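K.L.:
Here it is: the structure, laid out below.
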Amino acid sequence: MILLIILCILLPIHNLLLTMGSMAYVLTVTTGGYDVRLGHIDRIRAIAILCMVQVHTAALIPPEGISIGHPVAFISAAIGGMAAPLFVTISGWGMYSSAKRRGSSDNRDFSSWMRWIIPRFIILIFCQFLVNFAFLLERGGRFEWMTPGVLTLLALAALFGPVLILLKKGQRVVLMLILILSPLAIGSLGGSDLPWLERVYSEGGWEWLQRLLLDGTYPALPWMAFIVLGSLVEDYRGSSKIKLLTSLGLFSIGASIIYSYYEGMAWALTRGDALLTFFPANTPFIFTSVIFVIIIFKLLEGKEMAGGKPTGGESLSWIEPAGRLSLTIYVSHFVVLGAFALKMQDESRLGIYLAFILTMFHTFIWIPLAILHEKYIPNISFEGLLRKLN
């Protein structure tokens with residue numbers, strides 16, 4: 001439903017952007033010796049990063065009169081709840097695909113793997129620190145300079161890329177299930193009672209590792225489950241097992257909504273007393289997100305893997321440049337939000353209409369900017385730097 005809402009907002013402006021972005025269709029996979037750009041992968045990246053921009057912007061400028069229980073707040077939180085798992089999964093897909101290509105080549109000795117791992121690790125860690133400095137708590141933001149986040153999670157995943165390609169499908173399924181269930185195993189170590197200021201702060205190296213692995217904003221347990229899911233999406237593509245899992249998953253999600261209703265508790269909250277929580281990410285949230293991510297992959301894939309076109313054909317190709325620039329957009333939008341946060345410190349909340357307009361503008365402006373970037377300065381980006389270092 002959230003995906004449909006986003007597409008309905010985007011479609012009215014697609015004719016103009018399609019003219020600007022007609023060059024779209026360039027994550028690369030090798031098929032029969034040719035490099036082919038998968039349109040649905042770039043579209044999933046684009047939707048994920050735009051949703052993350054939206055939820056971060058909405059969180060910074062909540063309109064006056066909108067409480068955490070308001071339907072508008074719930075929709076915004078739902079978009080954010082979908083965005084991060086989708087972003088991590090599609091990043092895991094890309095990392096696994098790249099590692100698999102490297103592993104199948106003749107040049108796969110230790111030094112070759114180090115040339116694959118080290119640039120990714122350094123760039124992702126560097127970008128995380130850029131995000132943190134741009135959005136510091138003391139300047140109205142939400143992070144401390146050392147806060148581990150989603151980019152440090154991806155950096156950690158890069159270290160395990162070579163290991164992941166050695167595991168068989170069944171082993172990766174078991175690993176993903178262990179990660180999904182890990183919040184139940186670690187219990188209070190996941191920081192269920194940790195306030196935000198403590199969740200983003202760490203004193204010393206050991207506490208920083210604790211935030212990275214257990215109780216930070218995107219700890220490895222359980223968020224690495226989406227990295228493993230990204231590796232499984234490709235291998236189980238078209239399998240009848242995926243359809244069965246999706247059906248059972250949707251039934252379970254429906255049952256959980258009914259259960260929460262009869263128990264008189266919230267079904268989902270960013271944090272607090274609810275069946276699904278994001279901070280920390282509990283097992284019901286991870287499971288629900290896995291199901292929705294699989295559905296989104298299936299919806300947008302269309303017939304592309306069978307030699308046809310992704311869902312929407314060329315009419316949606318104009319959002320693909322934003323997907324190809326997702327890391328740069330992720331860092332850049334926090335720079336914009338950091339400047340806005342500094343200006344808005346100690347100011348009163350904006351009205352609902354102005355807040356909505358600013359949020360939507362800041363979300364969708366990245367589409368034409370990405371198209372213009374790809375047309376005029378395609379190599380000036382973190383993605384371009386990574387390609388050069390590789």
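Labeling convention for the structure tokens: chains A, B, ... as they appear, residues from 1 per chain, ligands from 1 in order of appearance.
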Residues of range 202-389 of chain A in strand (DSSP E) according to DSSP, as a PyMOL selection string?

P.N.:
chain A and resi 266-269+274-277

K.L.:
Could you name the residues that touch range 319-326 of chain A at 8 Å or less, counting only C-alpha atoms, but leaving out those on the same chain fewer than 2 positions away, as a compact mmCIF listing (two decimals) with N, CA and C atoms, in the first residue's frame?

P.N.:
```txt
# COMPACT_ATOMS: atom_id res chain seq x y z
N GLY A 21 15.33 11.86 -18.26
CA GLY A 21 16.06 10.67 -17.86
C GLY A 21 15.98 9.52 -18.83
N ALA A 24 18.28 6.31 -18.87
CA ALA A 24 18.30 5.32 -17.80
C ALA A 24 18.28 3.90 -18.32
N TYR A 25 18.82 3.02 -17.62
CA TYR A 25 18.98 1.58 -17.75
C TYR A 25 20.45 1.22 -17.75
N LEU A 27 23.33 -1.67 -10.20
CA LEU A 27 23.92 -2.90 -10.00
C LEU A 27 24.10 -3.74 -11.25
N GLY A 39 16.83 -2.84 -14.35
CA GLY A 39 16.03 -1.67 -14.03
C GLY A 39 15.30 -1.78 -12.72
N ILE A 41 16.09 -3.32 -10.03
CA ILE A 41 17.00 -3.15 -8.88
C ILE A 41 17.22 -1.67 -8.60
N ASP A 42 17.47 -0.89 -9.66
CA ASP A 42 17.65 0.56 -9.48
C ASP A 42 16.37 1.22 -8.97
N ARG A 43 15.22 0.71 -9.40
CA ARG A 43 13.94 1.28 -8.93
C ARG A 43 13.71 0.98 -7.46
N ILE A 44 14.07 -0.23 -7.05
CA ILE A 44 13.95 -0.57 -5.63
C ILE A 44 14.88 0.31 -4.80
N ARG A 45 16.12 0.49 -5.28
CA ARG A 45 17.06 1.39 -4.59
C ARG A 45 16.46 2.80 -4.48
N ALA A 46 15.90 3.28 -5.57
CA ALA A 46 15.34 4.64 -5.59
C ALA A 46 14.21 4.78 -4.59
N ILE A 47 13.28 3.83 -4.60
CA ILE A 47 12.15 3.89 -3.66
C ILE A 47 12.65 3.82 -2.23
N ILE A 49 15.64 4.76 -0.98
CA ILE A 49 16.33 5.97 -0.53
C ILE A 49 15.36 7.14 -0.42
N LEU A 316 8.74 4.07 -15.97
CA LEU A 316 9.26 4.33 -14.63
C LEU A 316 10.79 4.44 -14.60
N SER A 317 11.40 4.45 -15.78
CA SER A 317 12.86 4.47 -15.82
C SER A 317 13.44 5.77 -15.27
N THR A 328 25.18 8.50 -2.29
CA THR A 328 25.43 9.95 -2.32
C THR A 328 24.21 10.72 -1.83
N ILE A 329 23.02 10.29 -2.24
CA ILE A 329 21.79 10.95 -1.77
C ILE A 329 21.63 10.77 -0.27
N TYR A 330 21.95 9.58 0.23
CA TYR A 330 21.82 9.33 1.67
C TYR A 330 22.68 10.31 2.47
N TRP A 366 15.31 15.02 -5.18
CA TRP A 366 16.48 14.21 -5.49
C TRP A 366 16.33 13.45 -6.81
N ILE A 367 15.12 13.30 -7.31
CA ILE A 367 14.93 12.59 -8.59
C ILE A 367 15.50 13.42 -9.74
N ALA A 370 19.28 13.75 -9.41
CA ALA A 370 20.01 12.53 -9.79
C ALA A 370 20.09 12.40 -11.31
N ILE A 371 19.02 12.77 -12.03
CA ILE A 371 19.02 12.72 -13.49
C ILE A 371 20.04 13.69 -14.06
N GLU A 374 23.57 12.44 -13.38
CA GLU A 374 23.98 11.36 -14.28
C GLU A 374 24.29 11.87 -15.68
N SER A 381 30.76 11.28 -7.40
CA SER A 381 29.84 10.73 -6.39
C SER A 381 30.62 9.69 -5.59
N GLU A 383 29.58 6.70 -5.26
CA GLU A 383 29.52 5.50 -6.10
C GLU A 383 30.64 5.52 -7.13
```

K.L.:
If DSSP is run on the backbone, what residues of range 100-342 of chain A are alpha helix (DSSP H)? A reply as an NGL selection string would be ideal.

P.N.:
:A and (100-104 or 110-134 or 150-159 or 161-164 or 169-186 or 196-199 or 205-210 or 220-235 or 240-263 or 283-301 or 320-324 or 326-342)

K.L.:
Suppose we keep C-alpha atoms; can you now write the selection as a compact mmCIF listing (two decimals), in the first residue's frame?

P.N.:
```
# COMPACT_ATOMS: atom_id res chain seq x y z
CA LYS A 100 29.94 -13.68 -6.29
CA ARG A 101 31.34 -12.22 -9.52
CA ARG A 102 34.70 -11.65 -7.82
CA GLY A 103 34.65 -15.19 -6.41
CA SER A 104 33.94 -16.74 -9.81
CA PHE A 110 43.74 -12.75 -0.74
CA SER A 111 45.08 -9.45 -2.11
CA SER A 112 42.26 -9.34 -4.67
CA TRP A 113 39.66 -9.74 -1.93
CA MET A 114 41.35 -7.03 0.11
CA ARG A 115 41.07 -4.68 -2.88
CA TRP A 116 37.36 -5.51 -2.94
CA ILE A 117 36.72 -5.19 0.81
CA ILE A 118 38.89 -2.27 1.90
CA PRO A 119 37.50 0.47 -0.44
CA ARG A 120 33.92 -0.44 0.51
CA PHE A 121 34.71 -0.55 4.21
CA ILE A 122 36.60 2.75 4.26
CA ILE A 123 34.09 4.67 2.11
CA LEU A 124 31.08 3.45 4.09
CA ILE A 125 32.70 4.26 7.45
CA PHE A 126 33.79 7.66 6.14
CA CYS A 127 30.26 8.38 4.87
CA GLN A 128 28.79 7.40 8.25
CA PHE A 129 31.03 9.92 9.99
CA LEU A 130 30.02 12.57 7.43
CA VAL A 131 26.35 11.86 8.21
CA ASN A 132 27.01 12.06 11.95
CA PHE A 133 28.90 15.35 11.73
CA ALA A 134 26.24 16.84 9.46
CA VAL A 150 23.13 1.94 8.69
CA LEU A 151 26.36 2.67 6.78
CA THR A 152 28.53 1.06 9.45
CA LEU A 153 26.19 -1.93 9.21
CA LEU A 154 26.90 -2.10 5.47
CA ALA A 155 30.63 -1.71 6.13
CA LEU A 156 30.45 -4.66 8.50
CA ALA A 157 28.55 -6.62 5.85
CA ALA A 158 31.35 -5.94 3.34
CA LEU A 159 33.76 -7.80 5.64
CA GLY A 161 30.93 -10.73 1.68
CA PRO A 162 33.57 -13.35 0.81
CA VAL A 163 32.19 -15.66 3.55
CA LEU A 164 28.59 -15.28 2.40
CA LYS A 169 21.37 -21.55 0.05
CA GLY A 170 20.10 -23.71 2.89
CA GLN A 171 22.88 -22.52 5.19
CA ARG A 172 22.05 -18.90 4.43
CA VAL A 173 18.36 -19.53 5.14
CA VAL A 174 19.29 -20.98 8.55
CA LEU A 175 21.60 -18.01 9.19
CA MET A 176 18.83 -15.56 8.33
CA LEU A 177 16.39 -17.33 10.66
CA ILE A 178 18.95 -17.19 13.48
CA LEU A 179 19.40 -13.45 12.91
CA ILE A 180 15.62 -12.88 12.80
CA LEU A 181 15.24 -14.70 16.13
CA SER A 182 18.34 -13.10 17.70
CA PRO A 183 16.38 -10.33 19.53
CA LEU A 184 14.61 -13.07 21.50
CA ALA A 185 17.96 -14.64 22.41
CA ILE A 186 19.80 -11.48 23.48
CA TRP A 196 17.71 7.66 22.30
CA LEU A 197 20.56 9.75 23.72
CA GLU A 198 22.24 6.61 25.07
CA ARG A 199 21.51 4.60 21.91
CA GLY A 205 35.78 1.28 21.92
CA TRP A 206 33.96 -1.55 23.71
CA GLU A 207 30.74 0.42 24.08
CA TRP A 208 30.99 1.48 20.42
CA LEU A 209 31.22 -2.21 19.46
CA GLN A 210 28.21 -2.88 21.68
CA ALA A 220 24.24 -6.32 13.41
CA LEU A 221 21.87 -8.42 15.53
CA PRO A 222 19.31 -8.56 13.96
CA TRP A 223 19.83 -6.21 10.97
CA MET A 224 22.32 -8.49 9.20
CA ALA A 225 19.25 -10.64 8.46
CA PHE A 226 18.47 -8.25 5.59
CA ILE A 227 21.98 -8.59 4.16
CA VAL A 228 21.50 -12.36 4.08
CA LEU A 229 18.02 -11.85 2.61
CA GLY A 230 19.61 -9.83 -0.20
CA SER A 231 21.82 -12.81 -1.02
CA LEU A 232 18.80 -15.13 -1.09
CA VAL A 233 16.57 -12.97 -3.29
CA GLU A 234 18.61 -13.81 -6.37
CA ASP A 235 18.99 -17.53 -5.65
CA SER A 240 7.46 -21.71 -5.50
CA LYS A 241 8.90 -21.61 -1.97
CA ILE A 242 8.88 -17.80 -2.13
CA LYS A 243 5.15 -17.78 -2.94
CA LEU A 244 4.44 -20.16 -0.05
CA LEU A 245 6.57 -18.09 2.35
CA THR A 246 4.83 -14.88 1.27
CA SER A 247 1.37 -16.40 1.75
CA LEU A 248 2.23 -17.77 5.19
CA GLY A 249 3.90 -14.49 6.10
CA LEU A 250 0.89 -12.38 5.14
CA PHE A 251 -1.36 -14.72 7.12
CA SER A 252 0.91 -14.34 10.16
CA ILE A 253 0.98 -10.55 9.80
CA GLY A 254 -2.82 -10.45 9.60
CA ALA A 255 -3.06 -12.64 12.69
CA SER A 256 -0.66 -10.36 14.57
CA ILE A 257 -2.79 -7.29 13.73
CA ILE A 258 -5.92 -9.06 15.01
CA TYR A 259 -4.06 -10.17 18.14
CA SER A 260 -2.81 -6.65 18.92
CA TYR A 261 -6.34 -5.27 18.42
CA TYR A 262 -7.93 -7.72 20.86
CA GLU A 263 -5.12 -7.23 23.37
CA THR A 283 11.64 -10.28 15.89
CA PRO A 284 8.03 -9.52 14.76
CA PHE A 285 9.26 -6.34 13.05
CA ILE A 286 12.12 -8.10 11.27
CA PHE A 287 9.84 -10.93 10.12
CA THR A 288 7.15 -8.53 8.87
CA SER A 289 9.75 -6.44 7.04
CA VAL A 290 11.24 -9.52 5.36
CA ILE A 291 7.82 -10.42 3.95
CA PHE A 292 7.17 -6.91 2.65
CA VAL A 293 10.65 -6.67 1.11
CA ILE A 294 10.07 -9.95 -0.76
CA ILE A 295 6.71 -8.66 -2.02
CA ILE A 296 8.25 -5.38 -3.24
CA PHE A 297 11.00 -7.25 -5.08
CA LYS A 298 8.39 -9.44 -6.75
CA LEU A 299 6.11 -6.50 -7.64
CA LEU A 300 8.85 -4.44 -9.28
CA GLU A 301 10.72 -7.24 -11.00
CA GLU A 320 16.37 4.78 -11.72
CA PRO A 321 19.13 7.47 -11.58
CA ALA A 322 18.15 8.13 -7.94
CA GLY A 323 18.70 4.44 -7.26
CA ARG A 324 22.13 4.55 -8.87
CA SER A 326 21.54 6.15 -3.40
CA LEU A 327 24.69 6.38 -1.21
CA THR A 328 25.43 9.95 -2.32
CA ILE A 329 21.79 10.95 -1.77
CA TYR A 330 21.82 9.33 1.67
CA VAL A 331 24.81 11.41 2.77
CA SER A 332 23.70 14.60 1.00
CA HIS A 333 20.18 14.67 2.41
CA PHE A 334 21.59 14.62 5.94
CA VAL A 335 23.76 17.63 5.07
CA VAL A 336 20.60 19.46 4.01
CA LEU A 337 18.71 18.32 7.11
CA GLY A 338 21.63 19.31 9.33
CA ALA A 339 21.60 22.86 7.97
CA PHE A 340 17.83 23.03 8.43
CA ALA A 341 18.06 21.63 11.98
CA LEU A 342 20.63 24.28 12.92
```

K.L.:
May I ask which of the residues A:Gly92, A:Pro85, A:Pro280, A:Pro219 is the closest one to Met52 in chain A, counting only C-alpha atoms?

P.N.:
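Checking each candidate against Met52 in chain A, we get A:Pro85 as the closest.
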
K.L.:
What lies within 8 Å of Glu64 in chain A using only C-alpha atoms, ignoring chain neighbours under 5 positions off, as a list in words?

P.N.:
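Surrounding residues, per the criterion: Arg349, Leu350, Gly351 and Ile352 of chain A.
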
K.L.:
Nearest to Gly216 in chain A among A:Leu358, A:Leu167, A:Met146, A:Leu275, with distances taken over only C-alpha atoms: which residue is it?

P.N.:
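That would be A:Met146, the residue with the smallest distance to Gly216 in chain A.
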
K.L.:
Between CA of Arg211 in chain A and CA of Arg142 in chain A, what is the spacing in Å?

P.N.:
15.3 Å

K.L.:
Taking into account only C-alpha atoms, which residue in the set A:Ser202, A:Asp346, A:Thr89, A:Ile365 is nearest to Phe143 in chain A?

P.N.:
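Counting only C-alpha atoms, the residue closest to Phe143 in chain A is A:Ser202.
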
K.L.:
Measuring between only C-alpha atoms, which one of A:Tyr218, A:Phe382, A:Trp267, A:Phe356 shows the shortest distance to Phe279 in chain A?

P.N.:
A:Tyr218
